[in-house]
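Reproduced below: my_file.txt, with compact mmCIF, C-alpha atoms.
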# COMPACT_ATOMS: atom_id res chain seq x y z
CA MET A 1 -136.08 118.80 82.05
CA MET A 2 -136.67 122.11 80.29
CA ALA A 3 -135.90 120.51 76.93
CA ARG A 4 -138.41 117.74 77.65
CA GLU A 5 -141.12 120.29 78.55
CA GLU A 6 -140.36 122.26 75.40
CA ILE A 7 -140.61 119.08 73.30
CA LEU A 8 -143.88 118.11 74.98
CA GLY A 9 -145.22 121.62 74.46
CA THR A 10 -144.24 121.52 70.81
CA ASN A 11 -145.90 118.12 70.38
CA GLU A 12 -149.09 119.32 72.07
CA ARG A 13 -149.24 122.37 69.80
CA ALA A 14 -148.65 120.17 66.77
CA LEU A 15 -151.45 117.81 67.84
CA LYS A 16 -153.77 120.77 68.44
CA ASP A 17 -152.97 122.23 65.02
CA ARG A 18 -153.54 118.82 63.41
CA ARG A 19 -156.92 118.43 65.14
CA GLU A 20 -158.00 121.90 64.04
CA ALA A 21 -156.92 121.12 60.47
CA GLN A 22 -158.91 117.87 60.56
CA ILE A 23 -162.00 119.70 61.85
CA ALA A 24 -161.66 122.37 59.17
CA ALA A 25 -161.31 119.69 56.50
CA ALA A 26 -164.31 117.82 57.88
CA ALA A 27 -166.41 120.97 57.67
CA THR A 28 -165.98 120.99 53.89
CA THR A 29 -166.49 117.26 53.34
CA VAL A 30 -169.27 116.18 55.71
CA GLY A 31 -172.04 118.01 53.88
CA ARG A 32 -173.49 121.49 53.63
CA TYR A 33 -177.20 121.14 54.31
CA ARG A 34 -176.78 123.46 57.29
CA TRP A 35 -176.08 126.23 54.77
CA VAL A 36 -179.42 125.53 53.08
CA ILE A 37 -180.99 126.37 56.45
CA CYS A 38 -178.85 129.50 56.61
CA ALA A 39 -180.10 130.47 53.14
CA LEU A 40 -183.70 130.18 54.37
CA LEU A 41 -182.87 132.43 57.32
CA PHE A 42 -181.20 134.90 54.94
CA ALA A 43 -184.33 134.99 52.74
CA ALA A 44 -186.67 135.46 55.71
CA THR A 45 -184.58 138.33 57.05
CA ALA A 46 -184.57 139.97 53.61
CA ILE A 47 -188.39 139.73 53.48
CA ASN A 48 -188.56 141.03 57.04
CA TYR A 49 -186.68 144.16 56.08
CA VAL A 50 -188.56 144.72 52.83
CA ASP A 51 -191.75 144.79 54.87
CA ARG A 52 -190.19 146.96 57.56
CA GLN A 53 -188.56 149.54 55.29
CA MET A 54 -191.47 149.92 52.86
CA ILE A 55 -192.93 152.78 54.88
CA GLY A 56 -189.62 154.67 54.83
CA VAL A 57 -189.35 154.49 51.04
CA LEU A 58 -193.03 155.42 50.58
CA LYS A 59 -193.02 158.17 53.22
CA PRO A 60 -193.21 161.13 50.77
CA THR A 61 -196.00 159.47 48.76
CA ILE A 62 -198.08 158.37 51.75
CA SER A 63 -197.55 161.68 53.59
CA ALA A 64 -198.76 163.65 50.58
CA GLU A 65 -201.89 161.52 50.10
CA LEU A 66 -202.89 161.15 53.76
CA GLY A 67 -201.69 164.60 54.90
CA TRP A 68 -199.06 163.40 57.37
CA SER A 69 -196.63 165.71 59.14
CA GLU A 70 -193.20 164.66 60.40
CA THR A 71 -194.76 164.15 63.83
CA THR A 72 -197.45 161.86 62.40
CA TYR A 73 -194.85 159.72 60.67
CA ALA A 74 -192.79 159.55 63.87
CA ASP A 75 -195.90 158.41 65.79
CA VAL A 76 -196.53 155.56 63.35
CA ILE A 77 -192.89 154.48 63.69
CA PHE A 78 -193.16 154.69 67.48
CA TRP A 79 -196.10 152.27 67.64
CA PHE A 80 -194.24 149.80 65.44
CA GLN A 81 -191.23 149.94 67.74
CA ALA A 82 -193.37 149.59 70.87
CA ALA A 83 -195.02 146.48 69.47
CA TYR A 84 -191.64 145.20 68.34
CA ALA A 85 -190.24 145.56 71.86
CA ILE A 86 -193.15 143.69 73.47
CA GLY A 87 -193.18 141.01 70.78
CA TYR A 88 -189.42 140.43 71.00
CA LEU A 89 -189.66 139.48 74.66
CA SER A 90 -192.61 137.18 74.02
CA PHE A 91 -191.23 135.47 70.93
CA GLY A 92 -187.90 134.79 72.62
CA LYS A 93 -189.68 132.56 75.13
CA ILE A 94 -192.12 131.14 72.56
CA VAL A 95 -189.26 130.03 70.31
CA ASP A 96 -187.50 128.33 73.21
CA VAL A 97 -190.72 126.42 74.03
CA VAL A 98 -192.05 125.44 70.57
CA GLY A 99 -188.80 125.53 68.57
CA ALA A 100 -187.60 127.51 65.58
CA ARG A 101 -189.79 125.77 62.97
CA ILE A 102 -193.16 126.58 64.54
CA GLY A 103 -192.04 129.84 66.16
CA TYR A 104 -190.71 131.25 62.88
CA SER A 105 -193.84 130.18 61.01
CA VAL A 106 -196.14 131.92 63.49
CA ALA A 107 -194.04 135.10 63.44
CA PHE A 108 -193.97 135.14 59.63
CA VAL A 109 -197.76 134.76 59.31
CA ILE A 110 -198.37 137.60 61.79
CA TRP A 111 -195.95 140.06 60.22
CA THR A 112 -197.11 139.29 56.68
CA ALA A 113 -200.71 139.92 57.71
CA GLY A 114 -199.71 143.25 59.25
CA HIS A 115 -197.76 144.20 56.12
CA ILE A 116 -200.66 143.43 53.78
CA LEU A 117 -203.08 145.33 56.03
CA CYS A 118 -201.03 148.48 55.40
CA GLY A 119 -202.45 148.46 51.87
CA PHE A 120 -206.02 148.85 53.17
CA VAL A 121 -205.65 151.71 55.68
CA ASN A 122 -206.99 155.25 55.31
CA SER A 123 -205.62 157.10 58.34
CA ALA A 124 -202.58 157.36 60.57
CA PHE A 125 -204.50 155.55 63.33
CA GLN A 126 -205.27 152.59 61.07
CA PHE A 127 -201.70 152.61 59.79
CA SER A 128 -200.44 152.47 63.38
CA LEU A 129 -202.67 149.46 64.10
CA ALA A 130 -201.36 147.63 61.03
CA ARG A 131 -197.78 148.47 61.98
CA ILE A 132 -198.41 147.15 65.50
CA VAL A 133 -199.35 143.78 63.99
CA LEU A 134 -196.27 144.00 61.77
CA GLY A 135 -194.03 144.84 64.73
CA ILE A 136 -195.30 141.94 66.85
CA GLY A 137 -194.66 139.46 64.03
CA GLU A 138 -191.32 140.87 62.91
CA SER A 139 -189.98 140.66 66.44
CA GLY A 140 -189.88 136.87 66.05
CA ASN A 141 -187.37 136.96 63.19
CA PHE A 142 -184.12 137.17 65.12
CA PRO A 143 -185.03 135.02 68.15
CA ALA A 144 -186.10 132.24 65.75
CA GLY A 145 -183.16 132.82 63.41
CA ILE A 146 -180.51 132.75 66.15
CA LYS A 147 -182.23 129.69 67.65
CA ALA A 148 -181.97 127.94 64.28
CA VAL A 149 -178.29 128.89 63.93
CA THR A 150 -177.63 127.55 67.42
CA GLU A 151 -179.31 124.24 66.50
CA TRP A 152 -177.60 123.88 63.13
CA PHE A 153 -174.06 125.24 63.58
CA PRO A 154 -171.18 124.51 65.95
CA ALA A 155 -169.83 127.46 67.92
CA LYS A 156 -166.91 128.00 65.54
CA GLU A 157 -169.29 128.69 62.63
CA ARG A 158 -172.10 130.54 64.36
CA ALA A 159 -170.78 134.08 63.93
CA LEU A 160 -170.25 133.49 60.22
CA ALA A 161 -173.71 131.92 59.82
CA THR A 162 -175.24 134.80 61.79
CA GLY A 163 -173.37 137.31 59.64
CA VAL A 164 -174.65 135.64 56.47
CA PHE A 165 -178.31 135.50 57.50
CA ASN A 166 -178.11 138.98 59.07
CA ALA A 167 -176.92 140.22 55.66
CA GLY A 168 -180.45 139.49 54.47
CA ALA A 169 -181.48 142.68 56.27
CA ASN A 170 -179.39 144.71 53.87
CA ILE A 171 -180.59 142.78 50.84
CA GLY A 172 -184.12 143.59 51.93
CA ALA A 173 -183.14 147.23 52.25
CA ILE A 174 -181.66 147.05 48.72
CA ILE A 175 -184.70 145.35 47.18
CA THR A 176 -187.18 147.83 48.63
CA PRO A 177 -186.10 151.02 46.80
CA LEU A 178 -185.86 149.03 43.57
CA VAL A 179 -189.15 147.12 43.70
CA VAL A 180 -191.38 149.80 45.24
CA PRO A 181 -190.89 152.47 42.51
CA TRP A 182 -191.42 149.75 39.89
CA ILE A 183 -194.80 148.80 41.38
CA VAL A 184 -195.90 152.34 42.27
CA ILE A 185 -194.61 154.32 39.27
CA ASP A 186 -193.69 152.00 36.41
CA LEU A 187 -196.72 149.71 36.79
CA GLY A 188 -198.84 152.57 38.05
CA LEU A 189 -200.47 150.46 40.75
CA GLY A 190 -200.01 152.87 43.64
CA TRP A 191 -198.55 152.52 47.11
CA ARG A 192 -201.38 150.35 48.46
CA MET A 193 -200.74 147.59 45.93
CA ALA A 194 -197.02 147.74 46.78
CA PHE A 195 -197.86 146.45 50.28
CA ILE A 196 -200.33 143.86 49.03
CA ILE A 197 -198.21 142.44 46.17
CA THR A 198 -195.00 142.12 48.18
CA GLY A 199 -196.87 140.55 51.09
CA ILE A 200 -198.56 137.88 48.98
CA ALA A 201 -195.37 137.12 47.03
CA SER A 202 -193.45 136.48 50.26
CA LEU A 203 -195.71 133.58 51.28
CA GLY A 204 -193.59 131.27 49.10
CA TRP A 205 -190.93 131.41 51.81
CA LEU A 206 -193.35 130.02 54.40
CA VAL A 207 -194.03 126.97 52.22
CA ALA A 208 -190.29 126.32 51.81
CA TRP A 209 -189.61 126.77 55.54
CA ILE A 210 -192.29 124.32 56.64
CA ALA A 211 -191.16 121.78 54.05
CA LEU A 212 -187.41 121.97 54.65
CA TYR A 213 -186.77 122.88 58.28
CA ARG A 214 -186.29 120.23 60.91
CA ARG A 215 -183.86 119.94 63.80
CA PRO A 216 -180.61 118.32 62.61
CA ARG A 217 -181.39 114.95 64.23
CA GLU A 218 -184.88 114.96 62.69
CA SER A 219 -183.75 115.84 59.17
CA THR A 220 -183.32 113.11 56.57
CA LYS A 221 -181.05 115.36 54.49
CA VAL A 222 -178.21 115.53 57.01
CA SER A 223 -175.45 112.94 56.78
CA ALA A 224 -174.14 111.24 59.89
CA ASP A 225 -170.81 113.04 59.46
CA GLU A 226 -172.45 116.47 59.18
CA LEU A 227 -174.61 115.74 62.20
CA ALA A 228 -171.51 114.81 64.20
CA TYR A 229 -169.86 118.05 63.09
CA ILE A 230 -172.90 120.12 64.06
CA GLU A 231 -172.98 118.45 67.47
CA SER A 232 -169.20 118.65 68.02
CA ASP A 233 -169.57 121.14 70.89
CA PRO A 234 -170.02 119.86 74.47
CA ALA A 235 -173.58 118.80 75.29
CA ASP A 236 -175.85 121.43 76.87
CA PRO A 237 -177.23 120.97 80.39
CA VAL A 238 -180.75 119.57 80.29
CA THR A 239 -182.16 121.67 83.17
CA PRO A 240 -184.41 124.48 81.85
CA ILE A 241 -183.44 128.06 82.76
CA SER A 242 -186.28 130.38 83.79
CA TRP A 243 -186.47 134.06 82.89
CA GLY A 244 -185.97 134.94 86.54
CA LYS A 245 -182.70 133.05 86.61
CA LEU A 246 -181.58 134.47 83.26
CA LEU A 247 -182.11 137.99 84.56
CA ARG A 248 -179.70 137.30 87.42
CA TYR A 249 -176.81 136.60 85.02
CA ARG A 250 -174.62 139.58 84.19
CA GLU A 251 -174.04 138.04 80.74
CA THR A 252 -177.74 138.54 79.98
CA TRP A 253 -177.48 142.23 80.85
CA ALA A 254 -174.21 142.63 78.95
CA PHE A 255 -175.98 141.44 75.80
CA ALA A 256 -179.10 143.51 76.56
CA LEU A 257 -177.03 146.66 77.13
CA GLY A 258 -175.29 146.15 73.80
CA LYS A 259 -178.65 145.89 72.04
CA PHE A 260 -179.98 148.92 73.94
CA LEU A 261 -177.08 151.01 72.65
CA ILE A 262 -176.77 149.88 69.03
CA ASP A 263 -180.31 149.05 67.88
CA PRO A 264 -181.57 152.67 67.89
CA VAL A 265 -178.70 153.53 65.57
CA TRP A 266 -179.90 150.94 63.06
CA TRP A 267 -183.49 152.18 63.33
CA LEU A 268 -182.17 155.65 62.49
CA PHE A 269 -180.34 154.36 59.41
CA LEU A 270 -183.30 152.28 58.29
CA PHE A 271 -186.17 154.75 58.64
CA TRP A 272 -184.47 158.10 58.08
CA THR A 273 -181.71 157.54 55.51
CA PRO A 274 -184.12 157.81 52.53
CA ASP A 275 -185.47 161.05 54.01
CA PHE A 276 -181.95 162.40 54.65
CA LEU A 277 -180.83 161.69 51.10
CA GLY A 278 -184.03 163.06 49.60
CA LYS A 279 -184.01 166.37 51.46
CA THR A 280 -180.26 166.97 51.44
CA TYR A 281 -179.57 166.10 47.81
CA ASN A 282 -183.00 166.71 46.25
CA LEU A 283 -183.66 163.06 45.40
CA ASP A 284 -187.09 161.58 44.73
CA LEU A 285 -188.70 158.12 44.99
CA LYS A 286 -186.76 156.80 41.99
CA SER A 287 -183.45 158.67 42.22
CA PHE A 288 -182.55 157.78 45.82
CA GLY A 289 -182.71 154.08 44.91
CA PRO A 290 -179.09 153.70 43.67
CA PRO A 291 -177.54 155.47 46.71
CA LEU A 292 -179.57 153.29 49.09
CA VAL A 293 -178.59 150.16 47.17
CA ALA A 294 -174.91 151.13 47.47
CA ILE A 295 -175.20 151.77 51.22
CA TYR A 296 -176.80 148.41 51.93
CA LEU A 297 -174.46 146.48 49.62
CA ILE A 298 -171.58 147.88 51.67
CA SER A 299 -173.50 146.87 54.80
CA ASP A 300 -173.81 143.31 53.50
CA ILE A 301 -170.06 143.08 53.10
CA GLY A 302 -169.65 144.28 56.67
CA SER A 303 -172.13 141.77 58.08
CA VAL A 304 -170.42 138.77 56.49
CA ALA A 305 -166.92 140.12 57.16
CA GLY A 306 -167.72 140.61 60.84
CA GLY A 307 -168.81 137.01 61.25
CA TRP A 308 -165.88 135.75 59.20
CA GLY A 309 -163.41 137.87 61.18
CA SER A 310 -164.24 136.49 64.61
CA SER A 311 -164.45 132.93 63.24
CA ARG A 312 -161.00 133.43 61.72
CA LEU A 313 -159.59 134.63 65.04
CA MET A 314 -161.02 131.56 66.76
CA LYS A 315 -159.32 129.30 64.23
CA ARG A 316 -156.05 131.03 65.12
CA GLY A 317 -156.47 129.97 68.73
CA LEU A 318 -158.33 132.85 70.39
CA THR A 319 -161.25 132.06 72.65
CA ALA A 320 -164.74 132.89 71.42
CA ASN A 321 -164.89 135.65 74.03
CA ALA A 322 -161.68 137.33 72.84
CA ALA A 323 -162.43 136.86 69.14
CA ARG A 324 -165.89 138.41 69.39
CA LYS A 325 -164.73 141.37 71.51
CA ILE A 326 -161.72 142.24 69.36
CA THR A 327 -163.88 142.20 66.23
CA MET A 328 -166.54 144.33 67.91
CA LEU A 329 -163.96 146.89 69.08
CA VAL A 330 -162.65 147.34 65.55
CA CYS A 331 -166.21 147.75 64.28
CA ALA A 332 -167.05 150.35 66.94
CA ILE A 333 -164.07 152.45 65.87
CA LEU A 334 -165.05 152.25 62.19
CA VAL A 335 -168.50 153.72 62.91
CA MET A 336 -167.10 157.00 64.26
CA PRO A 337 -166.60 158.88 60.92
CA ILE A 338 -170.42 159.00 60.55
CA PHE A 339 -170.21 162.42 62.21
CA PHE A 340 -168.90 163.86 58.94
CA ALA A 341 -171.81 162.63 56.80
CA GLN A 342 -173.75 165.84 57.48
CA TYR A 343 -170.96 167.86 55.87
CA ALA A 344 -170.62 165.74 52.70
CA SER A 345 -170.80 167.95 49.61
CA SER A 346 -172.01 165.19 47.27
CA VAL A 347 -174.45 162.33 47.62
CA TRP A 348 -171.79 159.70 46.89
CA THR A 349 -169.45 161.06 49.56
CA ALA A 350 -172.34 160.74 51.99
CA VAL A 351 -173.00 157.22 50.71
CA ALA A 352 -169.38 156.21 51.39
CA ILE A 353 -169.45 157.58 54.94
CA VAL A 354 -172.87 156.16 55.82
CA GLY A 355 -171.98 152.86 54.11
CA LEU A 356 -168.86 152.47 56.26
CA ALA A 357 -170.90 153.12 59.40
CA THR A 358 -173.67 150.69 58.46
CA ALA A 359 -171.15 148.01 57.48
CA ALA A 360 -169.35 148.34 60.81
CA HIS A 361 -172.67 148.33 62.64
CA GLN A 362 -173.76 145.11 60.95
CA ALA A 363 -170.40 143.43 61.61
CA PHE A 364 -170.73 144.42 65.28
CA SER A 365 -174.32 143.17 65.34
CA ALA A 366 -173.43 139.78 63.84
CA ASN A 367 -170.98 139.16 66.68
CA LEU A 368 -173.26 140.56 69.37
CA TYR A 369 -176.07 138.26 68.24
CA THR A 370 -173.70 135.29 68.52
CA LEU A 371 -172.71 135.94 72.13
CA PRO A 372 -175.80 134.33 73.74
CA SER A 373 -175.12 131.05 71.95
CA ASP A 374 -171.54 131.20 73.28
CA MET A 375 -172.66 131.77 76.87
CA PHE A 376 -176.00 129.99 77.30
CA PRO A 377 -177.40 126.51 76.55
CA ARG A 378 -179.48 126.14 73.39
CA ALA A 379 -182.73 125.95 75.37
CA ALA A 380 -182.22 129.49 76.70
CA VAL A 381 -180.83 131.28 73.61
CA GLY A 382 -184.20 132.45 72.30
CA SER A 383 -185.15 133.93 75.67
CA VAL A 384 -181.87 135.83 75.99
CA ILE A 385 -182.21 137.13 72.43
CA GLY A 386 -185.75 138.22 73.29
CA ILE A 387 -184.64 140.10 76.40
CA GLY A 388 -181.87 141.85 74.47
CA GLY A 389 -184.12 142.63 71.54
CA THR A 390 -186.69 144.22 73.81
CA MET A 391 -184.02 146.43 75.35
CA GLY A 392 -182.87 147.35 71.85
CA ALA A 393 -186.37 148.37 70.82
CA ILE A 394 -186.79 150.41 74.01
CA GLY A 395 -183.51 152.17 73.29

Now, as a test, write the supplied structure out as structure tokens.
Amino acid sequence: MMAREEILGTNERALKDRREAQIAAAATTVGRYRWVICALLFAATAINYVDRQMIGVLKPTISAELGWSETTYADVIFWFQAAYAIGYLSFGKIVDVVGARIGYSVAFVIWTAGHILCGFVNSAFQFSLARIVLGIGESGNFPAGIKAVTEWFPAKERALATGVFNAGANIGAIITPLVVPWIVIDLGLGWRMAFIITGIASLGWLVAWIALYRRPRESTKVSADELAYIESDPADPVTPISWGKLLRYRETWAFALGKFLIDPVWWLFLFWTPDFLGKTYNLDLKSFGPPLVAIYLISDIGSVAGGWGSSRLMKRGLTANAARKITMLVCAILVMPIFFAQYASSVWTAVAIVGLATAAHQAFSANLYTLPSDMFPRAAVGSVIGIGGTMGAIG
């Protein structure tokens, strides 16, 4: 009897391994249009972070011209974050109602308008108003992006896809310290034109998004095999889930608490790293570019590796829950050496320490962002992301 059970168990494992191998093979043969969508999300997130980080890179220049103190700069950042928090909650629901295509388009138009307006302001008050518009629009990026990933990728690929498009944040952070000095110093156009030129140039993405994005079943560029692969997960329940009901799930609050704890850390890296490098190592607008580029390149590696890591663990037989949590635990441990950055004797030692922390943070974030699509039906993912994002902005 025992031998028979062992044989049956061996056969079942062999069948399971064969099915997983067939699914993995199918993923590479059925088509890759879903990765075109991921590339669009990557590009939008890069633009999002160029627009967001511009003020951090231009802080010394703007402060000198407009007479800002550290407190004034902090106030402008505060109003952006307040608008971002409110907008996140709203766009989460909007995206669930109107879909990723329209929701992303609306968010992009709003944040681009706010970004361009920054080139026309003359006071901290006006700057705050422009950054409020920017914050409201930018808050739609991740609810719409995660919604699109949920529509276009099966569960086994979502963490990797999220890691890839989330890496756009770091590319945006890399582009900013390279492009801004070129516009401001090399071309001699000043900080105002830096906002205007980058804002207008980014509108090309909106054209591509409207032209290319459809839901998988509505797209003519998706083969029947790729569509079957995308829809290989069990069907979602059709009953809508209200915000009130979502707030009663502990899974919603688990995600929201994670965002509350880790998002302020990323804000710190994003807005204050240029200032830290400049003041600690006597760098200026042009010379802190290479260190920032290095930090965010390392972060990109972390973002993709975090998504790949949990996907790899799932392929080895772990549940999505276990794979995500193990990966996130490793990432949390890798952040801890950041304490020693303040004691680094050279700029490149500081870059290595901060780069490790930002890479681990982004790997953690890629998996955290994927959790709602693991736990909730597609129709509720945007709302859960919105709730979590609002808590992150409050934090």

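The protein and nucleic acid residues lying at most 6 Å from region 375-379 of chain A are Asp96, Asp236, Pro372, Ser373 and Val381 of chain A, with all atoms listed in the file considered and sequence neighbours fewer than 2 positions away removed.
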
* Structure fact -> Using all atoms listed in the file, the residue out of A:Glu226, A:Glu70, A:Glu138, A:Asp284 with shortest distance to Ala83 (chain A) is A:Glu138

* Asked: Leaving out Ser90 (chain A) and any residue of its chain fewer than 2 positions from it, which residues lie within 10 Å of it when counting only C-alpha atoms, given as a list in words?
  -> Tyr84, Ala85, Ile86, Gly87, Tyr88, Gly92, Lys93, Ile94, Val95, Ile136, Ser139, Gly140, Pro143, Gly382, Ser383, Gly386, Ile387 and Thr390 of chain A

Keeping only C-alpha atoms, write the selected residues as an mmCIF file, keeping the file's coordinate frame.
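result.cif, written as the output of this step:
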data_model
loop_
_atom_site.group_PDB
_atom_site.id
_atom_site.type_symbol
_atom_site.label_atom_id
_atom_site.label_comp_id
_atom_site.auth_asym_id
_atom_site.auth_seq_id
_atom_site.Cartn_x
_atom_site.Cartn_y
_atom_site.Cartn_z
ATOM 1 C CA TYR A 84 -191.640 145.200 68.340
ATOM 2 C CA ALA A 85 -190.240 145.560 71.860
ATOM 3 C CA ILE A 86 -193.150 143.690 73.470
ATOM 4 C CA GLY A 87 -193.180 141.010 70.780
ATOM 5 C CA TYR A 88 -189.420 140.430 71.000
ATOM 6 C CA GLY A 92 -187.900 134.790 72.620
ATOM 7 C CA LYS A 93 -189.680 132.560 75.130
ATOM 8 C CA ILE A 94 -192.120 131.140 72.560
ATOM 9 C CA VAL A 95 -189.260 130.030 70.310
ATOM 10 C CA ILE A 136 -195.300 141.940 66.850
ATOM 11 C CA SER A 139 -189.980 140.660 66.440
ATOM 12 C CA GLY A 140 -189.880 136.870 66.050
ATOM 13 C CA PRO A 143 -185.030 135.020 68.150
ATOM 14 C CA GLY A 382 -184.200 132.450 72.300
ATOM 15 C CA SER A 383 -185.150 133.930 75.670
ATOM 16 C CA GLY A 386 -185.750 138.220 73.290
ATOM 17 C CA ILE A 387 -184.640 140.100 76.400
ATOM 18 C CA THR A 390 -186.690 144.220 73.810
#

Each region 102-166 of chain A residue no farther than 10 Å from region 192-201 of chain A, nearest pair in Å, only C-alpha atoms, as JSON lines:
{"residue": "A:Trp111", "atom": "CA", "partner": "A:Gly199", "partner_atom": "CA", "distance": 9.2}
{"residue": "A:Thr112", "atom": "CA", "partner": "A:Gly199", "partner_atom": "CA", "distance": 5.7}
{"residue": "A:Ala113", "atom": "CA", "partner": "A:Gly199", "partner_atom": "CA", "distance": 7.7}
{"residue": "A:Gly114", "atom": "CA", "partner": "A:Gly199", "partner_atom": "CA", "distance": 9.1}
{"residue": "A:His115", "atom": "CA", "partner": "A:Phe195", "partner_atom": "CA", "distance": 6.3}
{"residue": "A:Ile116", "atom": "CA", "partner": "A:Ile196", "partner_atom": "CA", "distance": 4.8}
{"residue": "A:Leu117", "atom": "CA", "partner": "A:Ile196", "partner_atom": "CA", "distance": 7.7}
{"residue": "A:Cys118", "atom": "CA", "partner": "A:Phe195", "partner_atom": "CA", "distance": 6.4}
{"residue": "A:Gly119", "atom": "CA", "partner": "A:Arg192", "partner_atom": "CA", "distance": 4.0}
{"residue": "A:Phe120", "atom": "CA", "partner": "A:Arg192", "partner_atom": "CA", "distance": 6.8}
{"residue": "A:Val121", "atom": "CA", "partner": "A:Arg192", "partner_atom": "CA", "distance": 8.5}

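The closest residue to Leu203 (chain A), picked from A:Pro154, A:Phe108, A:Ile333, A:Ile37 and counting only C-alpha atoms, is A:Phe108.
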